[in-house]
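Trainee: Sharing structure.csv here; it has CSV, C-alpha atoms.
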```csv
chain,number,residue,atom,x,y,z
Y,12,MET,CA,-62.5,5.9,-74.5
Y,13,LYS,CA,-62.5,3.6,-77.5
Y,14,THR,CA,-60.7,6.4,-79.5
Y,15,ILE,CA,-58.0,6.6,-76.8
Y,16,ALA,CA,-57.4,2.9,-76.8
Y,17,THR,CA,-57.3,2.8,-80.6
Y,18,SER,CA,-54.8,5.7,-80.6
Y,19,LEU,CA,-52.7,4.0,-78.0
Y,20,ALA,CA,-52.7,0.8,-80.0
Y,21,LEU,CA,-51.7,2.6,-83.2
Y,22,PHE,CA,-49.0,4.4,-81.3
Y,23,LEU,CA,-47.6,1.2,-79.9
Y,24,ILE,CA,-47.7,-0.5,-83.3
Y,25,SER,CA,-46.0,2.4,-85.0
Y,26,SER,CA,-43.4,2.7,-82.2
Y,27,ALA,CA,-42.7,-1.0,-82.6
Y,28,ALA,CA,-42.3,-0.6,-86.3
Y,29,LEU,CA,-40.0,2.4,-85.8
Y,30,ALA,CA,-38.0,0.4,-83.1
Y,31,GLN,CA,-37.4,-2.3,-85.7
Y,32,SER,CA,-35.6,0.1,-88.0
Y,33,THR,CA,-33.6,2.1,-85.3
Y,34,ALA,CA,-33.6,-0.3,-82.4
Y,35,GLU,CA,-30.0,-1.5,-83.0
Y,36,THR,CA,-28.5,1.9,-83.2
Y,37,THR,CA,-30.4,3.2,-80.2
Y,38,GLY,CA,-29.7,0.2,-78.0
Y,39,VAL,CA,-33.4,-0.7,-77.6
Y,40,ASN,CA,-32.9,-4.2,-79.0
Y,41,SER,CA,-30.0,-4.9,-76.7
Y,42,ALA,CA,-31.9,-3.6,-73.6
Y,43,LEU,CA,-34.8,-5.9,-74.5
Y,44,ASN,CA,-32.6,-8.8,-75.6
Y,45,ILE,CA,-34.2,-8.8,-79.1
Y,46,PRO,CA,-32.1,-10.2,-81.9
Y,47,PRO,CA,-31.1,-7.8,-84.6
Y,48,LYS,CA,-32.5,-8.2,-88.1
Y,49,THR,CA,-30.1,-9.7,-90.5
Y,50,GLU,CA,-29.6,-6.4,-92.3
Y,51,ASP,CA,-28.8,-4.7,-89.0
Y,52,PHE,CA,-26.5,-7.5,-87.9
Y,53,VAL,CA,-24.5,-7.5,-91.1
Y,54,LYS,CA,-24.2,-3.7,-91.0
Y,55,GLU,CA,-23.1,-3.7,-87.3
Y,56,VAL,CA,-20.6,-6.5,-87.8
Y,57,SER,CA,-19.0,-4.9,-90.9
Y,58,MET,CA,-18.8,-1.4,-89.4
Y,59,SER,CA,-17.3,-2.9,-86.3
Y,60,ASP,CA,-14.7,-4.8,-88.3
Y,61,ILE,CA,-13.8,-1.6,-90.2
Y,62,PHE,CA,-13.3,0.3,-86.9
Y,63,GLU,CA,-11.4,-2.5,-85.3
Y,64,ILE,CA,-9.0,-2.8,-88.2
Y,65,GLU,CA,-8.4,0.9,-88.8
Y,66,SER,CA,-8.0,1.8,-85.2
Y,67,SER,CA,-5.7,-1.1,-84.7
Y,68,LYS,CA,-3.6,0.0,-87.6
Y,69,LEU,CA,-3.3,3.3,-85.9
Y,70,ALA,CA,-2.3,1.5,-82.7
Y,71,LEU,CA,0.5,-0.2,-84.5
Y,72,GLN,CA,2.0,3.2,-85.2
Y,73,LYS,CA,1.2,4.9,-81.9
Y,74,GLY,CA,0.9,2.3,-79.1
Y,75,ASN,CA,3.2,0.8,-76.6
Y,76,ALA,CA,4.5,-2.8,-77.0
Y,77,ALA,CA,1.4,-4.4,-75.4
Y,78,THR,CA,-1.0,-2.2,-77.4
Y,79,LYS,CA,0.8,-3.0,-80.6
Y,80,ALA,CA,0.7,-6.8,-79.9
Y,81,PHE,CA,-3.0,-6.6,-79.2
Y,82,ALA,CA,-3.6,-4.4,-82.2
Y,83,GLN,CA,-2.0,-6.9,-84.6
Y,84,GLN,CA,-4.2,-9.7,-83.2
Y,85,MET,CA,-7.2,-7.5,-83.8
Y,86,ILE,CA,-6.2,-6.8,-87.3
Y,87,ASP,CA,-5.7,-10.4,-88.1
Y,88,ALA,CA,-8.9,-11.6,-86.4
Y,89,HIS,CA,-11.2,-8.9,-87.9
Y,90,GLU,CA,-9.8,-9.3,-91.4
Y,91,LYS,CA,-10.7,-12.9,-91.0
Y,92,THR,CA,-14.3,-12.2,-89.8
Y,93,THR,CA,-14.6,-9.7,-92.7
Y,94,ALA,CA,-13.6,-12.3,-95.2
Y,95,GLU,CA,-15.9,-14.9,-93.7
Y,96,LEU,CA,-18.9,-12.5,-93.8
Y,97,LYS,CA,-18.0,-11.6,-97.3
Y,98,GLY,CA,-17.9,-15.3,-98.2
Y,99,LEU,CA,-21.4,-15.8,-96.8
Y,100,ILE,CA,-22.6,-12.8,-98.8
Y,101,ASP,CA,-20.8,-13.7,-102.0
Y,102,GLY,CA,-22.0,-17.3,-101.7
Y,103,GLY,CA,-25.6,-16.1,-101.6
Y,104,LYS,CA,-26.2,-17.4,-98.1
Y,105,VAL,CA,-26.7,-13.8,-96.8
Y,106,THR,CA,-28.4,-11.2,-99.0
Y,107,ALA,CA,-27.8,-8.1,-96.7
Y,108,PRO,CA,-25.1,-5.7,-97.9
Y,109,PRO,CA,-22.2,-4.9,-95.6
Y,110,ALA,CA,-21.4,-1.4,-94.5
Y,111,THR,CA,-18.7,0.4,-96.4
Y,112,GLY,CA,-17.5,2.6,-93.6
Y,113,MET,CA,-17.6,3.3,-89.9
Y,114,SER,CA,-20.6,4.7,-88.0
Y,115,ASP,CA,-20.5,8.3,-87.1
Y,116,ALA,CA,-19.7,7.4,-83.5
Y,117,GLN,CA,-16.8,5.2,-84.6
Y,118,LYS,CA,-15.5,7.9,-86.9
Y,119,LYS,CA,-15.5,10.3,-84.0
Y,120,SER,CA,-13.6,7.9,-81.8
Y,121,PHE,CA,-11.2,7.2,-84.6
Y,122,ASP,CA,-10.6,10.9,-85.2
Y,123,GLU,CA,-10.0,11.4,-81.4
Y,124,LEU,CA,-7.5,8.6,-81.4
Y,125,LYS,CA,-5.5,10.2,-84.2
Y,126,ASP,CA,-4.9,13.3,-82.1
Y,127,LEU,CA,-3.6,11.3,-79.1
Y,128,SER,CA,-0.2,9.9,-78.3
Y,129,GLY,CA,1.6,8.0,-75.5
Y,130,LYS,CA,-0.3,6.8,-72.5
Y,131,GLU,CA,-3.4,8.9,-73.5
Y,132,PHE,CA,-3.5,7.0,-76.8
Y,133,ASP,CA,-3.0,3.6,-75.2
Y,134,ASP,CA,-5.8,4.3,-72.6
Y,135,ALA,CA,-8.2,5.6,-75.2
Y,136,TYR,CA,-7.5,2.8,-77.6
Y,137,GLN,CA,-8.0,0.2,-74.8
Y,138,ASP,CA,-11.3,1.9,-73.8
Y,139,ASP,CA,-12.5,1.9,-77.4
Y,140,GLN,CA,-11.6,-1.8,-77.8
Y,141,GLU,CA,-13.5,-2.7,-74.6
Y,142,ASP,CA,-16.6,-0.8,-75.8
Y,143,ALA,CA,-16.4,-2.2,-79.3
Y,144,HIS,CA,-16.0,-5.8,-78.1
Y,145,GLU,CA,-18.8,-5.4,-75.5
Y,146,ASP,CA,-21.1,-4.3,-78.3
Y,147,ALA,CA,-19.9,-7.1,-80.6
Y,148,VAL,CA,-20.3,-9.8,-77.9
Y,149,ASP,CA,-23.8,-8.5,-77.3
Y,150,VAL,CA,-25.0,-8.4,-80.9
Y,151,PHE,CA,-23.4,-11.8,-81.7
Y,152,LYS,CA,-25.0,-13.4,-78.7
Y,153,ARG,CA,-28.4,-12.1,-79.6
Y,154,TYR,CA,-28.1,-13.1,-83.3
Y,155,ALA,CA,-26.6,-16.5,-82.5
Y,156,SER,CA,-29.5,-17.3,-80.2
Y,157,GLU,CA,-32.4,-16.0,-82.3
Y,158,GLY,CA,-31.2,-14.7,-85.7
Y,159,ASP,CA,-33.4,-15.3,-88.7
Y,160,ASN,CA,-30.7,-16.5,-91.2
Y,161,ALA,CA,-29.5,-20.0,-90.3
Y,162,ASP,CA,-26.1,-19.7,-91.9
Y,163,LEU,CA,-25.4,-16.3,-90.4
Y,164,LYS,CA,-26.7,-17.6,-87.0
Y,165,ALA,CA,-24.3,-20.5,-87.1
Y,166,TRP,CA,-21.4,-18.2,-88.0
Y,167,ALA,CA,-22.3,-15.8,-85.2
Y,168,ALA,CA,-22.3,-18.7,-82.7
Y,169,LYS,CA,-18.9,-20.0,-84.1
Y,170,THR,CA,-17.4,-16.5,-83.9
Y,171,LEU,CA,-18.7,-15.5,-80.5
Y,172,PRO,CA,-16.0,-17.3,-78.3
Y,173,ALA,CA,-13.3,-15.4,-80.1
Y,174,LEU,CA,-15.0,-12.1,-79.5
Y,175,GLU,CA,-15.4,-12.9,-75.8
Y,176,HIS,CA,-11.7,-13.7,-75.7
Y,177,HIS,CA,-10.9,-10.3,-77.5
Y,178,LEU,CA,-13.0,-8.5,-74.8
Y,179,LYS,CA,-11.0,-10.2,-72.0
Y,180,MET,CA,-7.8,-9.3,-73.8
Y,181,ALA,CA,-8.9,-5.7,-74.1
Y,182,GLU,CA,-9.8,-5.5,-70.4
Y,183,ASP,CA,-6.4,-7.0,-69.5
Y,184,LEU,CA,-4.6,-4.3,-71.5
Y,185,ASP,CA,-5.4,-2.1,-68.6
Y,186,ASP,CA,-3.4,-4.2,-66.1
```
Please rewrite the model in this file as structure tokens.
Mentor:
Amino acid sequence: MKTIATSLALFLISSAALAQSTAETTGVNSALNIPPKTEDFVKEVSMSDIFEIESSKLALQKGNAATKAFAQQMIDAHEKTTAELKGLIDGGKVTAPPATGMSDAQKKSFDELKDLSGKEFDDAYQDDQEDAHEDAVDVFKRYASEGDNADLKAWAAKTLPALEHHLKMAEDLDD
């Protein structure tokens, strides 16, 4: 019986350690409302900014008037957050490296967008924007409330209202 209890304890400890490294990408942290580690937060934010900017540049070419107006706002806003995050990193306040590209899922969504046009494009872009901003609001909320880097935590709290507004704008694109 003692062996089973010890094995179970070791399994739970190793699972917790594994969850720390993959929890953000699997959604475990979000489901449990656990703040991301600084490295995970920086990576998620920088990947999200890359996706937002690149998919919005595509929307400027392919979208209807409302989509294009929204897309330009997303480019401007996410270029700003990218610059702010870079400033925190370059200033030594954050030591985690940013991502240099999109996640595999973001690449897949982006590639799918490239093949669409007209209403199909506008609908898919809007859905992608809703999903991206739901994820961003979630990760920023969790980091702003309990992140482990004070400067990054303050930045997350300051940035969160704009992301919530972006989410509302993305949802309203459908109307």
Trainee: For the atom pair atom CA of Y:Asp51 and atom CA of Y:Lys91, what is the interatomic distance in Å to one decimal place?
Mentor: 20.0 Å
Trainee: Restricting the calculation to all atoms listed in the file: of Y:Val148, Y:Leu171, Y:Leu124, Y:Ala94, which residue gets closest to Y:Gln72?
Mentor: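 Smallest separation from Y:Gln72 among the options: Y:Leu124.
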Trainee: Excluding Y:Gly158 and any residue of its chain fewer than 4 positions from it, enumerate the residues within 10 Å of it, using all atoms listed in the file, and give them as a list in words.
Mentor: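 Near Y:Gly158, the qualifying residues are Ile45, Pro46, Pro47, Lys48, Thr49, Phe52, Phe151, Lys152, Arg153, Tyr154, Asp162, Leu163, Lys164, Ala165 and Ala167 of chain Y.
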Trainee: Show which residues sit within 10 Å of Y:Gly112, as a PDB file with C-alpha atoms, in the coordinates of the input. Count all atoms listed in the file, and ignore same-chain residues fewer than 5 positions away.
Mentor:
```pdb
ATOM      1  CA  LYS Y  54     -24.200  -3.700 -91.000  1.00  0.00           C
ATOM      2  CA  SER Y  57     -19.000  -4.900 -90.900  1.00  0.00           C
ATOM      3  CA  MET Y  58     -18.800  -1.400 -89.400  1.00  0.00           C
ATOM      4  CA  SER Y  59     -17.300  -2.900 -86.300  1.00  0.00           C
ATOM      5  CA  ASP Y  60     -14.700  -4.800 -88.300  1.00  0.00           C
ATOM      6  CA  ILE Y  61     -13.800  -1.600 -90.200  1.00  0.00           C
ATOM      7  CA  PHE Y  62     -13.300   0.300 -86.900  1.00  0.00           C
ATOM      8  CA  GLN Y 117     -16.800   5.200 -84.600  1.00  0.00           C
ATOM      9  CA  LYS Y 118     -15.500   7.900 -86.900  1.00  0.00           C
TER      10      LYS Y 118
END
```
Trainee: Could you check the closest approach to Y:Ala70 for each of Y:Val53, Y:Ala143, Y:Leu127, Y:Ala161 and tell me which residue wins, using all atoms listed in the file?
Mentor: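 Residue with the minimum atom-to-atom distance to Y:Ala70: Y:Leu127.
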Trainee: Under the rule that all atoms listed in the file are counted, which of Y:Leu178, Y:Asp183, Y:Asp115, Y:Lys97 is the nearest residue to Y:Asp149?
Mentor: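 Checking each of Y:Leu178, Y:Asp183, Y:Asp115, Y:Lys97 against Y:Asp149, counting all atoms listed in the file, the winner is Y:Leu178.
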Trainee: Given the choices Y:Thr106, Y:His177, Y:Glu123, Y:Leu71, which gets closest to Y:Asn160 if the distance is worked out from only C-alpha atoms?
Mentor: Y:Thr106
